[in-house]
Structure formats: C-alpha cells, structure tokens
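Student: Quick one: the structure is below, and I'll ask about it shortly.
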Amino acid sequence: SLVVPGQPITSEQGYLRGHGTYFQDIESGSQLVASMAGQIERVNKLISVKPVSSRYLGEIGDLIVGRITAVESKRWKCDINGQKDAVLQLASVNLPGGVQRMRTYEDQLQMRSLYMEHDLISAEVQNVNADGTPSLHTRSLKYGKLENGQLLIVPSSLIKRLAQHYISFPFGIDVILGRNGYIWITRRMPDEWKEQEEDHDEAAPLAETLQRLRVRHATTPMLKNDLHKIARVRNSIDVLSRVGALIYPESILHVYRKSEELGIAIKDMLKPAGILKLTEDLIVQE
C-alpha cells in the first residue's frame, strides 16, 4: 500500500525500522511512521518504504536499455537512468561472429566498431559493485546494439517486474521493457528474412546469422504502417506513464486496443480528453 510522509504504518511491537521509516513515541509506546512517500515493503519483520519516484539502482539479472556515454580503456560507460553510469567491460561483450577468445590490444583499438558514444544497447546487470556502480554484460546473443526504432523514457518504478521483458505484440511490434525505465520499440523482423538466411547458408554460426539480420533490420526503411504502429504503442505507454499506472504487456495492449476501438488518432492520444477516455477503466482496475 502507498503511504505519505508522517503517516503511521504500524504500532505493533517487534518490527524493525527500514529505509524510509522512523519510530515515533506515542502514549502506548511507539509506532513506525513513514518518512517519505512510497510503497510499503515488508521482509519478515523489516518494514521499509520504496520511493514512488527515484533513480534506478540496479539489481543483478535486470534487463536494461542504456546509452553509451564514453569509450574508455577496456570498457564503455553507459547511462542507465541511475544514480551512477554503468560499466560494460570489453571482456563482457560478444566479439564479432561470436568468437570465443581472450581480448587483445587490437580489440581495444576496435572498441568503437562495436559500440560508440550515443549508441543504444540492451544488456543485463551482471553485478552491482560496492560503490553502487552496476556492471553490465551483453554476452547473450539477444543483447547488443539497438537500431531503427524508438526510445521512450518513463519512471523506472512503473516498470512491472516480469519473467520476460522482451515483448512481442500480435500486430508485429517488439518492445523491450528495460527495468531502468528505458523502453525500446521497433518492428518485428519478418519471418521471411530468417528463412532467406537459413536457405542462404544453413551451416553458418547462429551469431553470424543474427548479425546479418540485425544489419538488414537497421538498414531497411520501415513501412508507413509500421511507423504508425510504433507511434501508437509509444503513445499508449506514455499514457500509462502520465497517469502513474504500471507498465506491462496487458496494460499496453489494453490502451492500444481501446485507442483503435474509440477511433482516437495517434496525435490525439496524449491530449487530456484522450488520456481520460483511454484510462478511465484502467485506473479502476489498477
């Protein structure tokens, strides 16, 4: 449940004070009170308050979308909407073609051929260092550079934790719901592209096939219909963000479908009247 600063949480004895709470003396003893606005979290006898709006901290295993801010010796720095930039080590990325070997000095010289400043990437939080700096890796073939799509930034607290943060919608749009509040929206790769790659060279390593598909995806202009779908998904997510609703596949699809049913133009979805029509029943559900 949500609390505001100064709101009593419990007067029962035996609870431990966590982040965002303090004890206040009352006639019958003491009570635990919230010191900030947020959501109550309980772990056994420990009670804390998670802020409604805060910078992303990073947890091991989180899928994130980030932007490269600097290329340094043997590592990249990456903006992940957190208190500190994350670090991506050269040893934590896939080399071209999926080659498995020790990194060399030549690899260091070619780092900008993999990722350069301002590139968008998807990655996983591998570790959080003692000073709070997240360490990333992109060793899985599903991670890497993101091209030919749209980035949307929302509060990280609105991203619902899911078993799978790679979302494929039935109308041909793929979404990456980064746990850090960075959301990537793009078209789905056509199945015929994959079939053509398989027919072209069945013996080719999977890493090479995926790399060719990504290059083709990045260099092939989108159809007008795809751009409209991406824009409608983007505005559907923005609508959820503006009313403070949790963002997950069902809520996105709900707003998307309702905007089509009501005949609301993409450009009108973010107007006050459009937001009200699209979320009046969703708010009740939440």
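If you're wondering about the labels, chains in the structure tokens are A, B, ... by order shown, residues count from 1 in each chain, ligands from 1 in order shown.
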Distance table requested - region 172-280 of chain A against region 132-154 of chain A, cut-off 12 Å, only C-alpha atoms: one row per qualifying residue with the closest atom pair and its distance in Å to one decimal, ordered by chain and rising residue number, as CSV.
Tutor:
```
residue,atom,partner,partner_atom,distance
A:Ile173,CA,A:Gly149,CA,10.1
A:Asp174,CA,A:Gly149,CA,9.6
A:Val175,CA,A:Gly149,CA,9.6
A:Ile176,CA,A:Leu151,CA,9.7
A:Leu177,CA,A:Leu152,CA,9.8
A:Gly178,CA,A:Ile153,CA,9.5
A:Arg179,CA,A:Val154,CA,10.1
A:Asn180,CA,A:Val154,CA,8.6
A:Gly181,CA,A:Val154,CA,4.9
A:Tyr182,CA,A:Ile153,CA,4.7
A:Ile183,CA,A:Leu152,CA,5.1
A:Trp184,CA,A:Leu151,CA,4.8
A:Ile185,CA,A:Gln150,CA,5.2
A:Thr186,CA,A:Gly149,CA,4.4
A:Arg187,CA,A:Gly149,CA,7.3
A:Arg188,CA,A:Gly149,CA,10.3
A:Met189,CA,A:Asn148,CA,11.4
A:Pro205,CA,A:Leu141,CA,11.6
A:Leu206,CA,A:Leu141,CA,8.7
A:Ala207,CA,A:Leu141,CA,6.8
A:Glu208,CA,A:Leu141,CA,10.1
A:Thr209,CA,A:Leu141,CA,10.7
A:Leu210,CA,A:Leu141,CA,7.8
A:Gln211,CA,A:Leu141,CA,9.1
A:Leu213,CA,A:Glu147,CA,11.8
A:Arg214,CA,A:Glu147,CA,8.3
A:Val215,CA,A:Glu147,CA,8.9
A:Arg216,CA,A:Asn148,CA,10.3
A:His217,CA,A:Asn148,CA,7.2
A:Ala218,CA,A:Asn148,CA,5.2
A:Thr219,CA,A:Asn148,CA,7.8
A:Thr220,CA,A:Asn148,CA,8.5
A:Pro221,CA,A:Asn148,CA,8.2
A:Met222,CA,A:Asn148,CA,8.2
A:Leu223,CA,A:Asn148,CA,11.8
A:Asp226,CA,A:Gly149,CA,10.3
A:Leu227,CA,A:Gly149,CA,9.0
A:His228,CA,A:Gln150,CA,11.9
A:Lys229,CA,A:Gly149,CA,11.5
A:Ile230,CA,A:Gln150,CA,7.7
A:Ala231,CA,A:Gln150,CA,8.6
A:Arg232,CA,A:Gln150,CA,11.6
A:Val233,CA,A:Gln150,CA,10.3
A:Arg234,CA,A:Leu152,CA,7.1
A:Asn235,CA,A:Leu152,CA,9.4
A:Ser236,CA,A:Leu152,CA,11.1
A:Ile237,CA,A:Leu152,CA,8.5
A:Asp238,CA,A:Val154,CA,7.6
A:Val239,CA,A:Val154,CA,10.5
A:Leu240,CA,A:Val154,CA,9.5
A:Ser241,CA,A:Val154,CA,6.3
A:Arg242,CA,A:Val154,CA,9.0
A:Val243,CA,A:Val154,CA,11.5
A:Gly244,CA,A:Val154,CA,9.8
A:Ala245,CA,A:Val154,CA,11.0
A:Leu246,CA,A:Val154,CA,10.6
A:Ile247,CA,A:Val154,CA,9.4
```
Student: Region 60-241 of chain A: which residues are strand (DSSP E) by DSSP, as a count of residues only?
Tutor: 58
Student: Which residues in region 104-244 of chain A does DSSP call alpha helix (DSSP H)? List them as a PyMOL selection string.
Tutor: chain A and resi 105-109+111-114+191-200+206-219+224-242
Student: Restricting the output to N, CA and C atoms, write the selected residues as a short mmCIF file (atom, residue, chain, number, x, y, z; two decimals), in the first residue's frame.
Tutor:
```cif
data_model
loop_
_atom_site.label_atom_id
_atom_site.label_comp_id
_atom_site.auth_asym_id
_atom_site.auth_seq_id
_atom_site.Cartn_x
_atom_site.Cartn_y
_atom_site.Cartn_z
N TYR A 105 45.03 -6.41 -27.52
CA TYR A 105 45.21 -4.96 -27.68
C TYR A 105 44.49 -4.47 -28.94
N GLU A 106 44.48 -5.30 -29.98
CA GLU A 106 43.78 -4.92 -31.21
C GLU A 106 42.27 -4.77 -30.95
N ASP A 107 41.73 -5.62 -30.08
CA ASP A 107 40.31 -5.49 -29.72
C ASP A 107 40.05 -4.15 -29.05
N GLN A 108 40.98 -3.70 -28.21
CA GLN A 108 40.82 -2.40 -27.55
C GLN A 108 40.78 -1.27 -28.58
N LEU A 109 41.61 -1.38 -29.60
CA LEU A 109 41.65 -0.34 -30.63
C LEU A 109 40.37 -0.32 -31.47
N MET A 111 37.28 -0.96 -30.31
CA MET A 111 36.09 -0.91 -29.45
C MET A 111 34.96 -0.09 -30.05
N ARG A 112 35.31 1.00 -30.74
CA ARG A 112 34.26 1.85 -31.33
C ARG A 112 33.56 1.19 -32.51
N SER A 113 34.13 0.10 -33.03
CA SER A 113 33.43 -0.63 -34.09
C SER A 113 32.30 -1.47 -33.50
N LEU A 114 32.36 -1.74 -32.19
CA LEU A 114 31.27 -2.46 -31.51
C LEU A 114 30.22 -1.47 -31.02
N ASP A 191 9.51 -12.99 -40.76
CA ASP A 191 9.91 -14.39 -40.78
C ASP A 191 10.61 -14.77 -42.09
N GLU A 192 10.22 -14.12 -43.19
CA GLU A 192 10.84 -14.45 -44.47
C GLU A 192 12.33 -14.09 -44.48
N TRP A 193 12.73 -13.07 -43.72
CA TRP A 193 14.15 -12.74 -43.63
C TRP A 193 14.93 -13.90 -43.02
N LYS A 194 14.38 -14.47 -41.95
CA LYS A 194 15.05 -15.58 -41.27
C LYS A 194 15.11 -16.80 -42.18
N GLU A 195 14.02 -17.05 -42.93
CA GLU A 195 14.00 -18.18 -43.86
C GLU A 195 15.03 -17.99 -44.97
N GLN A 196 15.17 -16.76 -45.45
CA GLN A 196 16.15 -16.49 -46.51
C GLN A 196 17.57 -16.71 -46.01
N GLU A 197 17.84 -16.33 -44.76
CA GLU A 197 19.17 -16.53 -44.18
C GLU A 197 19.48 -18.02 -44.04
N GLU A 198 18.47 -18.79 -43.61
CA GLU A 198 18.65 -20.23 -43.45
C GLU A 198 18.91 -20.90 -44.80
N ASP A 199 18.18 -20.46 -45.83
CA ASP A 199 18.37 -21.03 -47.17
C ASP A 199 19.72 -20.62 -47.76
N HIS A 200 20.18 -19.42 -47.39
CA HIS A 200 21.45 -18.89 -47.94
C HIS A 200 22.64 -19.69 -47.44
N LEU A 206 25.13 -19.34 -35.60
CA LEU A 206 23.96 -18.54 -35.23
C LEU A 206 24.33 -17.07 -35.04
N ALA A 207 25.48 -16.80 -34.43
CA ALA A 207 25.90 -15.42 -34.18
C ALA A 207 26.03 -14.63 -35.48
N GLU A 208 26.60 -15.27 -36.52
CA GLU A 208 26.75 -14.58 -37.80
C GLU A 208 25.40 -14.33 -38.45
N THR A 209 24.51 -15.31 -38.36
CA THR A 209 23.16 -15.15 -38.94
C THR A 209 22.42 -14.01 -38.27
N LEU A 210 22.46 -13.95 -36.94
CA LEU A 210 21.78 -12.87 -36.21
C LEU A 210 22.38 -11.52 -36.54
N GLN A 211 23.70 -11.47 -36.71
CA GLN A 211 24.36 -10.20 -37.04
C GLN A 211 23.90 -9.70 -38.41
N ARG A 212 23.79 -10.60 -39.38
CA ARG A 212 23.33 -10.19 -40.72
C ARG A 212 21.88 -9.72 -40.65
N LEU A 213 21.06 -10.40 -39.85
CA LEU A 213 19.67 -9.98 -39.70
C LEU A 213 19.57 -8.60 -39.07
N ARG A 214 20.41 -8.33 -38.07
CA ARG A 214 20.38 -7.03 -37.41
C ARG A 214 20.81 -5.91 -38.35
N VAL A 215 21.83 -6.19 -39.16
CA VAL A 215 22.27 -5.20 -40.14
C VAL A 215 21.16 -4.92 -41.15
N ARG A 216 20.50 -5.96 -41.61
CA ARG A 216 19.41 -5.78 -42.56
C ARG A 216 18.26 -5.00 -41.93
N HIS A 217 17.96 -5.31 -40.66
CA HIS A 217 16.89 -4.60 -39.95
C HIS A 217 17.23 -3.12 -39.80
N ALA A 218 18.52 -2.83 -39.50
CA ALA A 218 18.93 -1.44 -39.27
C ALA A 218 18.96 -0.62 -40.55
N THR A 219 19.21 -1.27 -41.70
CA THR A 219 19.37 -0.54 -42.96
C THR A 219 18.13 -0.55 -43.84
N LYS A 224 5.27 2.71 -43.77
CA LYS A 224 4.46 3.71 -43.09
C LYS A 224 3.55 3.07 -42.05
N ASN A 225 3.03 1.88 -42.36
CA ASN A 225 2.16 1.17 -41.42
C ASN A 225 2.90 0.80 -40.13
N ASP A 226 4.18 0.37 -40.28
CA ASP A 226 4.98 0.04 -39.11
C ASP A 226 5.23 1.27 -38.24
N LEU A 227 5.51 2.41 -38.88
CA LEU A 227 5.75 3.64 -38.15
C LEU A 227 4.52 4.06 -37.36
N HIS A 228 3.34 3.88 -37.95
CA HIS A 228 2.10 4.23 -37.25
C HIS A 228 1.90 3.33 -36.03
N LYS A 229 2.19 2.04 -36.18
CA LYS A 229 2.03 1.11 -35.06
C LYS A 229 3.00 1.45 -33.93
N ILE A 230 4.24 1.76 -34.29
CA ILE A 230 5.24 2.12 -33.28
C ILE A 230 4.80 3.39 -32.54
N ALA A 231 4.30 4.37 -33.28
CA ALA A 231 3.86 5.62 -32.66
C ALA A 231 2.68 5.38 -31.73
N ARG A 232 1.77 4.47 -32.11
CA ARG A 232 0.60 4.21 -31.25
C ARG A 232 1.02 3.45 -29.99
N VAL A 233 1.96 2.51 -30.13
CA VAL A 233 2.47 1.81 -28.94
C VAL A 233 3.19 2.79 -28.03
N ARG A 234 4.00 3.65 -28.64
CA ARG A 234 4.74 4.65 -27.85
C ARG A 234 3.78 5.53 -27.06
N ASN A 235 2.72 6.02 -27.70
CA ASN A 235 1.78 6.88 -27.01
C ASN A 235 0.95 6.11 -25.98
N SER A 236 0.69 4.84 -26.24
CA SER A 236 -0.03 4.01 -25.26
C SER A 236 0.78 3.90 -23.97
N ILE A 237 2.09 3.69 -24.10
CA ILE A 237 2.95 3.60 -22.92
C ILE A 237 3.04 4.95 -22.23
N ASP A 238 3.13 6.03 -23.01
CA ASP A 238 3.21 7.37 -22.44
C ASP A 238 1.93 7.71 -21.67
N VAL A 239 0.79 7.28 -22.17
CA VAL A 239 -0.47 7.50 -21.46
C VAL A 239 -0.44 6.82 -20.09
N LEU A 240 0.02 5.57 -20.05
CA LEU A 240 0.13 4.85 -18.77
C LEU A 240 1.07 5.58 -17.82
N SER A 241 2.18 6.07 -18.35
CA SER A 241 3.15 6.77 -17.51
C SER A 241 2.56 8.05 -16.93
N ARG A 242 1.79 8.77 -17.72
CA ARG A 242 1.25 10.06 -17.26
C ARG A 242 0.21 9.91 -16.15
#
```
